[in-house]
>>> print(open('entry.pdb').read())   # PDB, C-alpha atoms
ATOM      1  CA  MET Q  10       1.574  -5.788  -8.694
ATOM      2  CA  HIS Q  11      -0.233  -9.013  -7.981
ATOM      3  CA  GLU Q  12      -3.315  -7.971  -9.934
ATOM      4  CA  LEU Q  13      -2.433 -10.323 -12.795
ATOM      5  CA  SER Q  14      -2.468 -13.273 -10.377
ATOM      6  CA  ILE Q  15      -5.801 -12.028  -9.046
ATOM      7  CA  ALA Q  16      -7.178 -11.660 -12.593
ATOM      8  CA  LEU Q  17      -6.124 -15.233 -13.401
ATOM      9  CA  SER Q  18      -7.865 -16.458 -10.250
ATOM     10  CA  ILE Q  19     -11.048 -14.584 -11.206
ATOM     11  CA  ILE Q  20     -10.958 -16.206 -14.640
ATOM     12  CA  GLU Q  21     -10.477 -19.624 -13.043
ATOM     13  CA  VAL Q  22     -13.505 -19.130 -10.783
ATOM     14  CA  ALA Q  23     -15.611 -17.880 -13.708
ATOM     15  CA  GLN Q  24     -14.566 -20.707 -16.034
ATOM     16  CA  ASP Q  25     -15.399 -23.371 -13.457
ATOM     17  CA  GLU Q  26     -18.778 -21.815 -12.892
ATOM     18  CA  ALA Q  27     -19.439 -21.488 -16.630
ATOM     19  CA  VAL Q  28     -18.633 -25.160 -17.212
ATOM     20  CA  ARG Q  29     -20.908 -26.154 -14.333
ATOM     21  CA  ASN Q  30     -23.694 -24.219 -16.050
ATOM     22  CA  TYR Q  31     -23.029 -25.614 -19.542
ATOM     23  CA  ALA Q  32     -22.103 -22.164 -20.840
ATOM     24  CA  THR Q  33     -19.557 -21.527 -23.580
ATOM     25  CA  HIS Q  34     -18.943 -17.862 -23.013
ATOM     26  CA  VAL Q  35     -18.820 -15.490 -20.076
ATOM     27  CA  ARG Q  36     -20.098 -12.012 -20.946
ATOM     28  CA  THR Q  37     -19.858 -10.284 -17.592
ATOM     29  CA  VAL Q  38     -18.148 -10.877 -14.278
ATOM     30  CA  ARG Q  39     -19.425  -9.018 -11.243
ATOM     31  CA  LEU Q  40     -16.841  -8.634  -8.497
ATOM     32  CA  ARG Q  41     -17.022  -7.300  -4.959
ATOM     33  CA  LEU Q  42     -13.790  -5.527  -4.127
ATOM     34  CA  GLY Q  43     -13.059  -4.150  -0.672
ATOM     35  CA  SER Q  44     -10.893  -1.111  -0.090
ATOM     36  CA  LEU Q  45      -8.715  -3.214   2.230
ATOM     37  CA  ALA Q  46      -8.292  -6.146  -0.164
ATOM     38  CA  GLY Q  47      -4.955  -4.740  -1.310
ATOM     39  CA  VAL Q  48      -5.953  -4.822  -4.970
ATOM     40  CA  ALA Q  49      -5.681  -1.780  -7.251
ATOM     41  CA  LYS Q  50      -8.782  -1.487  -9.389
ATOM     42  CA  GLU Q  51      -7.183   0.037 -12.478
ATOM     43  CA  ALA Q  52      -4.324  -2.446 -12.480
ATOM     44  CA  LEU Q  53      -6.843  -5.245 -12.087
ATOM     45  CA  ARG Q  54      -8.930  -4.041 -15.050
ATOM     46  CA  PHE Q  55      -5.806  -3.795 -17.176
ATOM     47  CA  SER Q  56      -4.592  -7.283 -16.223
ATOM     48  CA  TYR Q  57      -8.078  -8.738 -16.584
ATOM     49  CA  GLY Q  58      -8.418  -7.626 -20.201
ATOM     50  CA  ILE Q  59      -5.131  -9.231 -21.138
ATOM     51  CA  ALA Q  60      -5.667 -12.394 -19.133
ATOM     52  CA  CYS Q  61      -9.085 -13.000 -20.721
ATOM     53  CA  GLU Q  62      -7.664 -13.140 -24.235
ATOM     54  CA  GLY Q  63      -7.980 -16.580 -25.768
ATOM     55  CA  THR Q  64     -10.299 -17.824 -23.026
ATOM     56  CA  SER Q  65     -14.070 -18.197 -22.815
ATOM     57  CA  LEU Q  66     -14.032 -14.804 -21.100
ATOM     58  CA  GLU Q  67     -12.508 -12.932 -24.046
ATOM     59  CA  GLY Q  68     -14.214  -9.562 -24.469
ATOM     60  CA  SER Q  69     -16.088  -9.901 -21.202
ATOM     61  CA  GLN Q  70     -16.916  -6.981 -18.985
ATOM     62  CA  LEU Q  71     -15.638  -6.715 -15.416
ATOM     63  CA  LEU Q  72     -18.098  -4.928 -13.148
ATOM     64  CA  ILE Q  73     -16.669  -3.925  -9.800
ATOM     65  CA  ASP Q  74     -18.768  -3.169  -6.734
ATOM     66  CA  ASP Q  75     -16.692  -1.216  -4.234
ATOM     67  CA  THR Q  76     -17.081  -2.185  -0.610
ATOM     68  CA  GLU Q  77     -15.384  -1.450   2.674
ATOM     69  CA  GLY Q  78     -13.348  -4.246   4.181
ATOM     70  CA  THR Q  79     -11.358  -7.027   2.570
ATOM     71  CA  ASP Q  80     -13.919  -8.506   0.135
ATOM     72  CA  LEU Q  81     -12.518 -10.113  -2.982
ATOM     73  CA  GLU Q  82     -15.374 -12.157  -4.311
ATOM     74  CA  VAL Q  83     -16.997 -13.074  -7.599
ATOM     75  CA  VAL Q  84     -20.659 -12.280  -6.974
ATOM     76  CA  ALA Q  85     -22.312 -13.198 -10.256
ATOM     77  CA  LEU Q  86     -21.695 -13.986 -13.898
ATOM     78  CA  GLU Q  87     -23.563 -13.376 -17.093
ATOM     79  CA  ILE Q  88     -23.022 -16.437 -19.224
ATOM     80  CA  GLU Q  89     -24.299 -17.826 -22.480
TER
ATOM     81  CA  MET S  15     -23.356 -25.683 -26.679
ATOM     82  CA  SER S  16     -24.308 -22.039 -26.614
ATOM     83  CA  SER S  17     -27.467 -20.665 -25.129
ATOM     84  CA  GLU S  18     -29.259 -17.462 -24.208
ATOM     85  CA  PRO S  19     -27.383 -15.063 -21.960
ATOM     86  CA  ARG S  20     -28.316 -15.590 -18.352
ATOM     87  CA  ILE S  21     -27.136 -14.488 -14.943
ATOM     88  CA  VAL S  22     -25.817 -16.948 -12.381
ATOM     89  CA  GLU S  23     -25.053 -16.093  -8.808
ATOM     90  CA  VAL S  24     -21.611 -17.233  -7.741
ATOM     91  CA  ARG S  25     -20.519 -15.676  -4.428
ATOM     92  CA  GLU S  26     -17.105 -17.252  -4.425
ATOM     93  CA  ARG S  27     -13.930 -15.812  -2.994
ATOM     94  CA  VAL S  28     -11.435 -15.177  -5.751
ATOM     95  CA  LEU S  29      -8.584 -16.650  -3.753
ATOM     96  CA  LYS S  30     -10.591 -19.650  -2.649
ATOM     97  CA  GLN S  31      -8.085 -22.133  -4.094
ATOM     98  CA  ASN S  32      -5.266 -20.489  -2.193
ATOM     99  CA  ASP S  33      -7.324 -20.311   0.983
ATOM    100  CA  LEU S  34      -8.276 -23.988   0.746
ATOM    101  CA  LEU S  35      -4.674 -25.043   0.241
ATOM    102  CA  ALA S  36      -3.550 -22.763   3.092
ATOM    103  CA  ARG S  37      -6.106 -24.377   5.372
ATOM    104  CA  GLU S  38      -4.834 -27.803   4.365
ATOM    105  CA  LEU S  39      -1.250 -26.706   5.084
ATOM    106  CA  ARG S  40      -2.296 -25.389   8.504
ATOM    107  CA  ARG S  41      -3.859 -28.769   9.275
ATOM    108  CA  GLU S  42      -0.670 -30.543   8.219
ATOM    109  CA  PHE S  43       1.446 -28.224  10.367
ATOM    110  CA  ARG S  44      -0.744 -28.986  13.366
ATOM    111  CA  ARG S  45      -0.595 -32.725  12.753
ATOM    112  CA  ALA S  46       3.192 -32.558  12.492
ATOM    113  CA  GLY S  47       3.480 -30.356  15.591
ATOM    114  CA  VAL S  48       5.377 -27.623  13.771
ATOM    115  CA  HIS S  49       4.876 -23.905  14.275
ATOM    116  CA  VAL S  50       5.139 -21.854  11.092
ATOM    117  CA  VAL S  51       6.033 -18.184  11.249
ATOM    118  CA  SER S  52       6.007 -15.957   8.184
ATOM    119  CA  LEU S  53       7.879 -12.717   7.832
ATOM    120  CA  VAL S  54       6.801  -9.852   5.561
ATOM    121  CA  SER S  55       8.316  -6.424   5.000
ATOM    122  CA  SER S  56       9.519  -4.096   2.277
ATOM    123  CA  PRO S  57      12.786  -4.943   0.496
ATOM    124  CA  GLY S  58      15.856  -4.030   2.495
ATOM    125  CA  SER S  59      14.232  -3.776   5.898
ATOM    126  CA  GLY S  60      16.448  -6.486   7.350
ATOM    127  CA  LYS S  61      14.297  -9.613   7.097
ATOM    128  CA  THR S  62      17.204 -11.837   6.222
ATOM    129  CA  ALA S  63      19.525 -10.430   8.911
ATOM    130  CA  LEU S  64      16.766 -10.915  11.479
ATOM    131  CA  LEU S  65      16.082 -14.431  10.281
ATOM    132  CA  GLU S  66      19.770 -15.301  10.355
ATOM    133  CA  GLN S  67      19.903 -14.277  14.004
ATOM    134  CA  LEU S  68      16.679 -16.078  14.868
ATOM    135  CA  LEU S  69      17.859 -19.315  13.255
ATOM    136  CA  THR S  70      21.279 -19.111  14.887
ATOM    137  CA  ARG S  71      19.884 -18.447  18.347
ATOM    138  CA  LEU S  72      16.934 -20.835  18.211
ATOM    139  CA  ARG S  73      18.941 -23.704  16.772
ATOM    140  CA  HIS S  74      20.293 -24.681  20.171
ATOM    141  CA  SER S  75      16.896 -25.325  21.703
ATOM    142  CA  GLN S  76      14.588 -25.955  18.728
ATOM    143  CA  ARG S  77      14.677 -27.706  15.399
ATOM    144  CA  VAL S  78      14.319 -24.802  13.000
ATOM    145  CA  GLY S  79      14.253 -24.345   9.230
ATOM    146  CA  ALA S  80      13.408 -21.605   6.774
ATOM    147  CA  LEU S  81      11.949 -20.996   3.341
ATOM    148  CA  VAL S  82      12.983 -17.757   1.678
ATOM    149  CA  GLY S  83      11.178 -16.139  -1.222
ATOM    150  CA  ASP S  84      12.725 -13.822  -3.792
ATOM    151  CA  LEU S  85      12.159 -13.078  -7.454
ATOM    152  CA  ALA S  86      15.640 -14.318  -8.326
ATOM    153  CA  THR S  87      18.955 -15.581  -6.898
ATOM    154  CA  GLU S  88      19.751 -18.068  -4.164
ATOM    155  CA  ASN S  89      21.655 -15.408  -2.212
ATOM    156  CA  ASP S  90      19.398 -15.306   0.815
ATOM    157  CA  ALA S  91      19.336 -19.085   1.183
ATOM    158  CA  ALA S  92      23.129 -19.201   0.944
ATOM    159  CA  ARG S  93      23.362 -16.515   3.623
ATOM    160  CA  LEU S  94      20.901 -18.217   5.941
ATOM    161  CA  GLN S  95      22.579 -21.583   5.541
ATOM    162  CA  ARG S  96      25.483 -20.138   7.525
ATOM    163  CA  SER S  97      23.248 -20.537  10.576
ATOM    164  CA  GLY S  98      23.480 -24.306  10.080
ATOM    165  CA  ALA S  99      19.701 -24.703   9.815
ATOM    166  CA  PRO S 100      18.035 -26.265   6.748
ATOM    167  CA  VAL S 101      17.053 -23.506   4.325
ATOM    168  CA  LYS S 102      15.288 -23.603   0.998
ATOM    169  CA  GLN S 103      15.022 -20.788  -1.527
ATOM    170  CA  ILE S 104      11.804 -20.216  -3.437
ATOM    171  CA  THR S 105      12.408 -18.148  -6.561
ATOM    172  CA  THR S 106       9.164 -16.730  -7.854
ATOM    173  CA  GLY S 107      10.368 -15.390 -11.229
ATOM    174  CA  THR S 108       8.289 -12.273 -11.673
ATOM    175  CA  ILE S 109       5.681 -12.968  -9.020
ATOM    176  CA  CYS S 110       5.698 -10.449  -6.201
ATOM    177  CA  HIS S 111       4.454 -12.669  -3.380
ATOM    178  CA  LEU S 112       4.459 -16.249  -2.131
ATOM    179  CA  ASP S 113       1.266 -18.259  -2.272
ATOM    180  CA  ALA S 114       0.166 -21.426  -0.532
ATOM    181  CA  ALA S 115       1.053 -23.620  -3.537
ATOM    182  CA  MET S 116       4.656 -22.384  -3.595
ATOM    183  CA  VAL S 117       4.985 -23.080   0.126
ATOM    184  CA  SER S 118       3.456 -26.509  -0.292
ATOM    185  CA  ASN S 119       5.843 -27.368  -3.146
ATOM    186  CA  ALA S 120       8.876 -26.098  -1.291
ATOM    187  CA  LEU S 121       7.990 -28.094   1.823
ATOM    188  CA  SER S 122       7.306 -31.308  -0.054
ATOM    189  CA  ALA S 123      10.951 -32.357   0.248
ATOM    190  CA  TRP S 124      10.976 -31.860   4.017
ATOM    191  CA  THR S 125       9.557 -34.061   6.748
ATOM    192  CA  LEU S 126       7.517 -31.636   8.816
ATOM    193  CA  ARG S 127       7.780 -33.743  11.955
ATOM    194  CA  GLU S 128      11.500 -33.111  12.016
ATOM    195  CA  PHE S 129      10.903 -29.424  12.782
ATOM    196  CA  ASP S 130       9.648 -27.361  15.703
ATOM    197  CA  ILE S 131       9.576 -23.988  13.959
ATOM    198  CA  ILE S 132       9.691 -23.215  10.239
ATOM    199  CA  PHE S 133      10.103 -19.621   9.112
ATOM    200  CA  ILE S 134       8.849 -18.374   5.768
ATOM    201  CA  GLU S 135      10.450 -15.183   4.519
ATOM    202  CA  ASN S 136       8.114 -13.666   1.966
ATOM    203  CA  VAL S 137       9.197 -11.649  -1.062
ATOM    204  CA  GLY S 138      10.083  -8.100   0.015
ATOM    205  CA  ASN S 139       6.808  -6.313  -0.637
ATOM    206  CA  LEU S 140       4.318  -4.566   1.633
ATOM    207  CA  VAL S 141       1.338  -4.841  -0.687
ATOM    208  CA  CYS S 142       0.778  -8.167  -2.417
ATOM    209  CA  PRO S 143       1.655 -10.707   0.304
ATOM    210  CA  SER S 144      -1.218  -9.433   2.447
ATOM    211  CA  SER S 145      -3.782 -11.163   0.223
ATOM    212  CA  TYR S 146      -2.260 -14.636   0.381
ATOM    213  CA  ASP S 147      -2.702 -16.962   3.333
ATOM    214  CA  LEU S 148       0.298 -19.301   3.471
ATOM    215  CA  GLY S 149      -1.088 -21.510   6.208
ATOM    216  CA  GLU S 150       1.252 -19.899   8.714
ATOM    217  CA  ASN S 151       0.432 -19.840  12.431
ATOM    218  CA  LEU S 152       1.942 -16.430  13.027
ATOM    219  CA  ARG S 153       2.552 -13.580  10.609
ATOM    220  CA  MET S 154       5.241 -11.143  11.574
ATOM    221  CA  VAL S 155       5.558  -7.791   9.797
ATOM    222  CA  ALA S 156       8.888  -5.960   9.950
ATOM    223  CA  LEU S 157       9.453  -2.216   9.715
ATOM    224  CA  SER S 158      12.965  -0.784   9.781
ATOM    225  CA  VAL S 159      13.758   2.537  11.450
ATOM    226  CA  THR S 160      15.075   3.934   8.165
ATOM    227  CA  GLU S 161      11.661   3.593   6.526
ATOM    228  CA  GLY S 162       9.965   6.162   8.738
ATOM    229  CA  GLU S 163       7.379   6.002  11.485
ATOM    230  CA  ASP S 164       4.380   6.430   9.189
ATOM    231  CA  LYS S 165       4.878   3.245   7.159
ATOM    232  CA  PRO S 166       2.020   1.492   9.006
ATOM    233  CA  LEU S 167      -0.348   4.297   8.006
ATOM    234  CA  LYS S 168       0.799   4.132   4.390
ATOM    235  CA  TYR S 169       0.477   0.348   4.135
ATOM    236  CA  PRO S 170      -2.343  -0.483   6.539
ATOM    237  CA  THR S 171      -3.388  -3.699   4.811
ATOM    238  CA  ILE S 172      -0.213  -5.632   5.519
ATOM    239  CA  PHE S 173      -0.018  -4.401   9.115
ATOM    240  CA  ASN S 174      -3.621  -5.395   9.521
ATOM    241  CA  SER S 175      -3.007  -8.893   8.224
ATOM    242  CA  ALA S 176      -0.092  -9.489  10.618
ATOM    243  CA  ASP S 177      -0.152 -10.875  14.169
ATOM    244  CA  ILE S 178       2.949  -9.192  15.565
ATOM    245  CA  ALA S 179       5.253  -6.401  14.395
ATOM    246  CA  VAL S 180       9.003  -6.020  14.743
ATOM    247  CA  ILE S 181      10.902  -2.770  14.342
ATOM    248  CA  THR S 182      14.346  -3.586  12.944
ATOM    249  CA  LYS S 183      17.686  -1.752  12.837
ATOM    250  CA  MET S 184      17.112  -0.057  16.198
ATOM    251  CA  ASP S 185      20.890   0.461  16.353
ATOM    252  CA  LEU S 186      20.368   3.148  13.676
ATOM    253  CA  ALA S 187      17.399   4.775  15.428
ATOM    254  CA  SER S 188      19.156   7.846  16.761
ATOM    255  CA  ALA S 189      21.130   8.399  13.542
ATOM    256  CA  VAL S 190      17.894   8.643  11.545
ATOM    257  CA  GLU S 191      15.980  10.375  14.376
ATOM    258  CA  PHE S 192      13.450   7.586  14.508
ATOM    259  CA  ASP S 193      10.531   8.307  16.823
ATOM    260  CA  LEU S 194       9.673   4.949  18.382
ATOM    261  CA  ASP S 195       6.613   6.277  20.222
ATOM    262  CA  ALA S 196       5.154   7.646  16.996
ATOM    263  CA  ALA S 197       5.792   4.335  15.216
ATOM    264  CA  GLN S 198       4.112   2.441  18.050
ATOM    265  CA  ARG S 199       1.131   4.791  17.907
ATOM    266  CA  ASN S 200       0.814   4.388  14.145
ATOM    267  CA  ILE S 201       0.902   0.617  14.417
ATOM    268  CA  GLN S 202      -1.773   0.719  17.118
ATOM    269  CA  THR S 203      -3.920   2.977  14.925
ATOM    270  CA  VAL S 204      -3.885   0.413  12.142
ATOM    271  CA  ARG S 205      -3.954  -2.712  14.288
ATOM    272  CA  PRO S 206      -5.035  -1.979  17.868
ATOM    273  CA  GLY S 207      -3.489  -4.268  20.457
ATOM    274  CA  MET S 208      -0.726  -5.654  18.245
ATOM    275  CA  ASN S 209       2.464  -6.565  20.108
ATOM    276  CA  VAL S 210       5.502  -4.693  18.814
ATOM    277  CA  TYR S 211       9.124  -5.797  19.249
ATOM    278  CA  PRO S 212      11.768  -3.114  18.644
ATOM    279  CA  LEU S 213      15.116  -4.824  18.061
ATOM    280  CA  SER S 214      18.479  -4.866  16.362
ATOM    281  CA  ALA S 215      19.677  -8.080  14.742
ATOM    282  CA  LYS S 216      23.130  -6.511  14.627
ATOM    283  CA  THR S 217      23.587  -5.667  18.319
ATOM    284  CA  GLY S 218      21.144  -8.221  19.705
ATOM    285  CA  PHE S 219      19.045  -5.516  21.373
ATOM    286  CA  GLY S 220      15.461  -6.698  21.877
ATOM    287  CA  MET S 221      16.109 -10.126  20.358
ATOM    288  CA  GLU S 222      15.437 -11.943  23.612
ATOM    289  CA  ALA S 223      11.855 -10.633  23.855
ATOM    290  CA  LEU S 224      11.073 -11.801  20.333
ATOM    291  CA  LEU S 225      12.735 -15.184  20.884
ATOM    292  CA  GLN S 226      10.614 -15.680  23.966
ATOM    293  CA  ARG S 227       7.491 -14.775  22.034
ATOM    294  CA  LEU S 228       8.367 -17.247  19.278
ATOM    295  CA  SER S 229       9.198 -20.024  21.715
ATOM    296  CA  ARG S 230       5.925 -19.487  23.517
ATOM    297  CA  TRP S 231       3.516 -21.492  21.456
ATOM    298  CA  GLU S 232       1.470 -24.355  22.535
ATOM    299  CA  ARG S 233       2.781 -27.466  20.888
ATOM    300  CA  PRO S 234      -0.170 -29.415  19.546
ATOM    301  CA  ALA S 235      -0.187 -33.084  20.379
ATOM    302  CA  ARG S 236       1.488 -34.925  17.536
ATOM    303  CA  SER S 237      -0.934 -37.376  16.036
ATOM    304  CA  ALA S 238       0.055 -40.991  16.169
ATOM    305  CA  GLY S 239       1.559 -42.737  13.154
TER
END
>>> encode(input="entry.pdb", output="structure tokens")
Amino acid sequence: MHELSIALSIIEVAQDEAVRNYATHVRTVRLRLGSLAGVAKEALRFSYGIACEGTSLEGSQLLIDDTEGTDLEVVALEIE
Amino acid sequence: MSSEPRIVEVRERVLKQNDLLARELRREFRRAGVHVVSLVSSPGSGKTALLEQLLTRLRHSQRVGALVGDLATENDAARLQRSGAPVKQITTGTICHLDAAMVSNALSAWTLREFDIIFIENVGNLVCPSSYDLGENLRMVALSVTEGEDKPLKYPTIFNSADIAVITKMDLASAVEFDLDAAQRNIQTVRPGMNVYPLSAKTGFGMEALLQRLSRWERPARSAG
């Protein structure tokens, strides 16, 4: 169960990017997730929701594009 | 300052911070001329017994040390210290894997140049450690005969992320009707070409082959100063 650590890393990447773009809130995070990345999607969604609380990502949506391979990458954000 | 919703492209690896730190560690290891070998397996597959033997046997010819990761207790470090080699326990609390930052912190008290080989025993887990680069030069995955021959097929990711595999507790192989050929085949299915070392830390069977493999690394030139 390392999905919480992964969720925290996603939030870190998104927050850095939001700050760089002078945004105050992240509405959506789009993630590429490979079947060999060793990350369980449902566990990640669950952890993500909790980890976002109290951050600029609170209430944000996590969109996951499934891929083959080991991808674990934030592709794009919707910010405001 | 709030503004209209807009989309920004990011394309950044989620574990970029870990990967960057791992790369930095790998550079430091090379500069110091130390070879770092990590060991991953499920809990109870004999990582610590294997490591104890490796440290004891390598100590005569190489300067060895080990970091051991567990959620709690210093038991493994205490056990490995019997080998006489420097050992440091990393307790992760509730975290199910080691990451590059934990390795970096644990090594900060050591002078890397004083070592030839440092082992890192990861937390017993066949899932999570596969995602985290620790900066190691060689990743060794262990499978014990009591776990069954199809473990590599069930946990392909970790076998895929490893460089070599060891099959532990071979002294129990006949008692549990372990099929070594099937295990070898399954490993090759997941990771074609991977070298596999069947051994027993208890009897010493197969240890020599692994020791030779571990001693066979090209020592990088130590940088001056």
>>> atom_distance(input="entry.pdb", atom1="CA of Ala92 in chain S", atom2="CA of Ile109 in chain S")
21.0 Å
>>> residues_around(input="entry.pdb", residues="range 64-68 of chain S", least_positions_apart="2", cutoff="10 Å", atoms="all atoms listed in the file", output="NGL selection string")
:S and (53 or 59-62 or 70-73 or 78 or 80 or 82 or 90-91 or 93-99 or 133-135 or 156 or 180 or 182-183 or 213-216 or 218 or 221-222 or 224-225 or 228)
>>> interface_residues(input="entry.pdb", of="chain S", to="chain Q", cutoff="10 Å", atoms="all atoms listed in the file", output="ChimeraX atom specification")
/S:15-32,108-111,139-145,169-172,174
>>> atom_distance(input="entry.pdb", atom1="CA of Arg153 in chain S", atom2="CA of Asp195 in chain S")
22.4 Å
>>> atom_distance(input="entry.pdb", atom1="CA of Asn209 in chain S", atom2="CA of Arg44 in chain S")
23.6 Å
>>> residues_around(input="entry.pdb", residues="Arg77 in chain S", least_positions_apart="4", cutoff="10 Å", atoms="only C-alpha atoms", output="PyMOL selection string")
chain S and resi 48+69+72-73+99-100+127-132
>>> write_last_selection(input="entry.pdb", atoms="C-alpha atoms", output="PDB file, in the frame of the given file")
ATOM      1  CA  VAL S  48       5.377 -27.623  13.771  1.00  0.00           C
ATOM      2  CA  LEU S  69      17.859 -19.315  13.255  1.00  0.00           C
ATOM      3  CA  LEU S  72      16.934 -20.835  18.211  1.00  0.00           C
ATOM      4  CA  ARG S  73      18.941 -23.704  16.772  1.00  0.00           C
ATOM      5  CA  ALA S  99      19.701 -24.703   9.815  1.00  0.00           C
ATOM      6  CA  PRO S 100      18.035 -26.265   6.748  1.00  0.00           C
ATOM      7  CA  ARG S 127       7.780 -33.743  11.955  1.00  0.00           C
ATOM      8  CA  GLU S 128      11.500 -33.111  12.016  1.00  0.00           C
ATOM      9  CA  PHE S 129      10.903 -29.424  12.782  1.00  0.00           C
ATOM     10  CA  ASP S 130       9.648 -27.361  15.703  1.00  0.00           C
ATOM     11  CA  ILE S 131       9.576 -23.988  13.959  1.00  0.00           C
ATOM     12  CA  ILE S 132       9.691 -23.215  10.239  1.00  0.00           C
TER      13      ILE S 132
END
>>> resolve_selection(input="entry.pdb", expression="the PyMOL selection byres ((chain S and resi 149) around 9)", output="ChimeraX atom specification")
/S:33,35-41,43,50,114,117,147-148,150-151
>>> write_last_selection(input="entry.pdb", atoms="C-alpha atoms", output="PDB file, in the coordinates of the input")
ATOM      1  CA  ASP S  33      -7.324 -20.311   0.983  1.00  0.00           C
ATOM      2  CA  LEU S  35      -4.674 -25.043   0.241  1.00  0.00           C
ATOM      3  CA  ALA S  36      -3.550 -22.763   3.092  1.00  0.00           C
ATOM      4  CA  ARG S  37      -6.106 -24.377   5.372  1.00  0.00           C
ATOM      5  CA  GLU S  38      -4.834 -27.803   4.365  1.00  0.00           C
ATOM      6  CA  LEU S  39      -1.250 -26.706   5.084  1.00  0.00           C
ATOM      7  CA  ARG S  40      -2.296 -25.389   8.504  1.00  0.00           C
ATOM      8  CA  ARG S  41      -3.859 -28.769   9.275  1.00  0.00           C
ATOM      9  CA  PHE S  43       1.446 -28.224  10.367  1.00  0.00           C
ATOM     10  CA  VAL S  50       5.139 -21.854  11.092  1.00  0.00           C
ATOM     11  CA  ALA S 114       0.166 -21.426  -0.532  1.00  0.00           C
ATOM     12  CA  VAL S 117       4.985 -23.080   0.126  1.00  0.00           C
ATOM     13  CA  ASP S 147      -2.702 -16.962   3.333  1.00  0.00           C
ATOM     14  CA  LEU S 148       0.298 -19.301   3.471  1.00  0.00           C
ATOM     15  CA  GLU S 150       1.252 -19.899   8.714  1.00  0.00           C
ATOM     16  CA  ASN S 151       0.432 -19.840  12.431  1.00  0.00           C
TER      17      ASN S 151
END
>>> residues_near_point(input="entry.pdb", point="(7.5, 5.4, 20.8)", cutoff="12 Å", atoms="all atoms listed in the file", output="ChimeraX atom specification")
/S:159,163,181,184,187,191-202,210-212
>>> closest_residue(input="entry.pdb", among="S:Leu126, S:Met116, S:Ala189, S:Ile104", to="Ala46 in chain S", atoms="all atoms listed in the file")
S:Leu126
>>> closest_residue(input="entry.pdb", among="Q:Ala49, Q:Leu42, Q:Arg29, Q:Tyr57", to="Gln70 in chain Q", atoms="all atoms listed in the file")
Q:Tyr57
>>> build_atoms(input="entry.pdb", residues="range 74-88 of chain Q", atoms="N, CA and C atoms", output="mmCIF file, in the coordinates of the input")
data_model
loop_
_atom_site.group_PDB
_atom_site.id
_atom_site.type_symbol
_atom_site.label_atom_id
_atom_site.label_comp_id
_atom_site.auth_asym_id
_atom_site.auth_seq_id
_atom_site.Cartn_x
_atom_site.Cartn_y
_atom_site.Cartn_z
ATOM 1 N N ASP Q 74 -18.037 -3.841 -7.818
ATOM 2 C CA ASP Q 74 -18.768 -3.169 -6.734
ATOM 3 C C ASP Q 74 -17.774 -2.868 -5.623
ATOM 4 N N ASP Q 75 -17.619 -1.591 -5.308
ATOM 5 C CA ASP Q 75 -16.692 -1.216 -4.234
ATOM 6 C C ASP Q 75 -17.346 -1.440 -2.888
ATOM 7 N N THR Q 76 -16.577 -2.016 -1.972
ATOM 8 C CA THR Q 76 -17.081 -2.185 -0.610
ATOM 9 C C THR Q 76 -15.994 -1.744 0.374
ATOM 10 N N GLU Q 77 -16.371 -1.644 1.620
ATOM 11 C CA GLU Q 77 -15.384 -1.450 2.674
ATOM 12 C C GLU Q 77 -14.878 -2.847 3.027
ATOM 13 N N GLY Q 78 -13.789 -2.928 3.720
ATOM 14 C CA GLY Q 78 -13.348 -4.246 4.181
ATOM 15 C C GLY Q 78 -12.464 -4.955 3.183
ATOM 16 N N THR Q 79 -12.358 -6.268 3.330
ATOM 17 C CA THR Q 79 -11.358 -7.027 2.570
ATOM 18 C C THR Q 79 -11.979 -7.940 1.507
ATOM 19 N N ASP Q 80 -13.251 -7.651 1.129
ATOM 20 C CA ASP Q 80 -13.919 -8.506 0.135
ATOM 21 C C ASP Q 80 -13.129 -8.644 -1.149
ATOM 22 N N LEU Q 81 -13.072 -9.855 -1.643
ATOM 23 C CA LEU Q 81 -12.518 -10.113 -2.982
ATOM 24 C C LEU Q 81 -13.274 -11.344 -3.458
ATOM 25 N N GLU Q 82 -14.421 -11.078 -4.083
ATOM 26 C CA GLU Q 82 -15.374 -12.157 -4.311
ATOM 27 C C GLU Q 82 -16.066 -11.990 -5.656
ATOM 28 N N VAL Q 83 -16.181 -13.093 -6.383
ATOM 29 C CA VAL Q 83 -16.997 -13.074 -7.599
ATOM 30 C C VAL Q 83 -18.448 -13.256 -7.165
ATOM 31 N N VAL Q 84 -19.279 -12.261 -7.456
ATOM 32 C CA VAL Q 84 -20.659 -12.280 -6.974
ATOM 33 C C VAL Q 84 -21.577 -12.987 -7.968
ATOM 34 N N ALA Q 85 -21.422 -12.639 -9.247
ATOM 35 C CA ALA Q 85 -22.312 -13.198 -10.256
ATOM 36 C C ALA Q 85 -21.660 -13.151 -11.630
ATOM 37 N N LEU Q 86 -22.188 -13.963 -12.520
ATOM 38 C CA LEU Q 86 -21.695 -13.986 -13.898
ATOM 39 C C LEU Q 86 -22.863 -13.855 -14.850
ATOM 40 N N GLU Q 87 -22.598 -13.272 -16.002
ATOM 41 C CA GLU Q 87 -23.563 -13.376 -17.093
ATOM 42 C C GLU Q 87 -22.919 -14.310 -18.104
ATOM 43 N N ILE Q 88 -23.603 -15.404 -18.357
ATOM 44 C CA ILE Q 88 -23.022 -16.437 -19.224
ATOM 45 C C ILE Q 88 -23.963 -16.749 -20.374
#
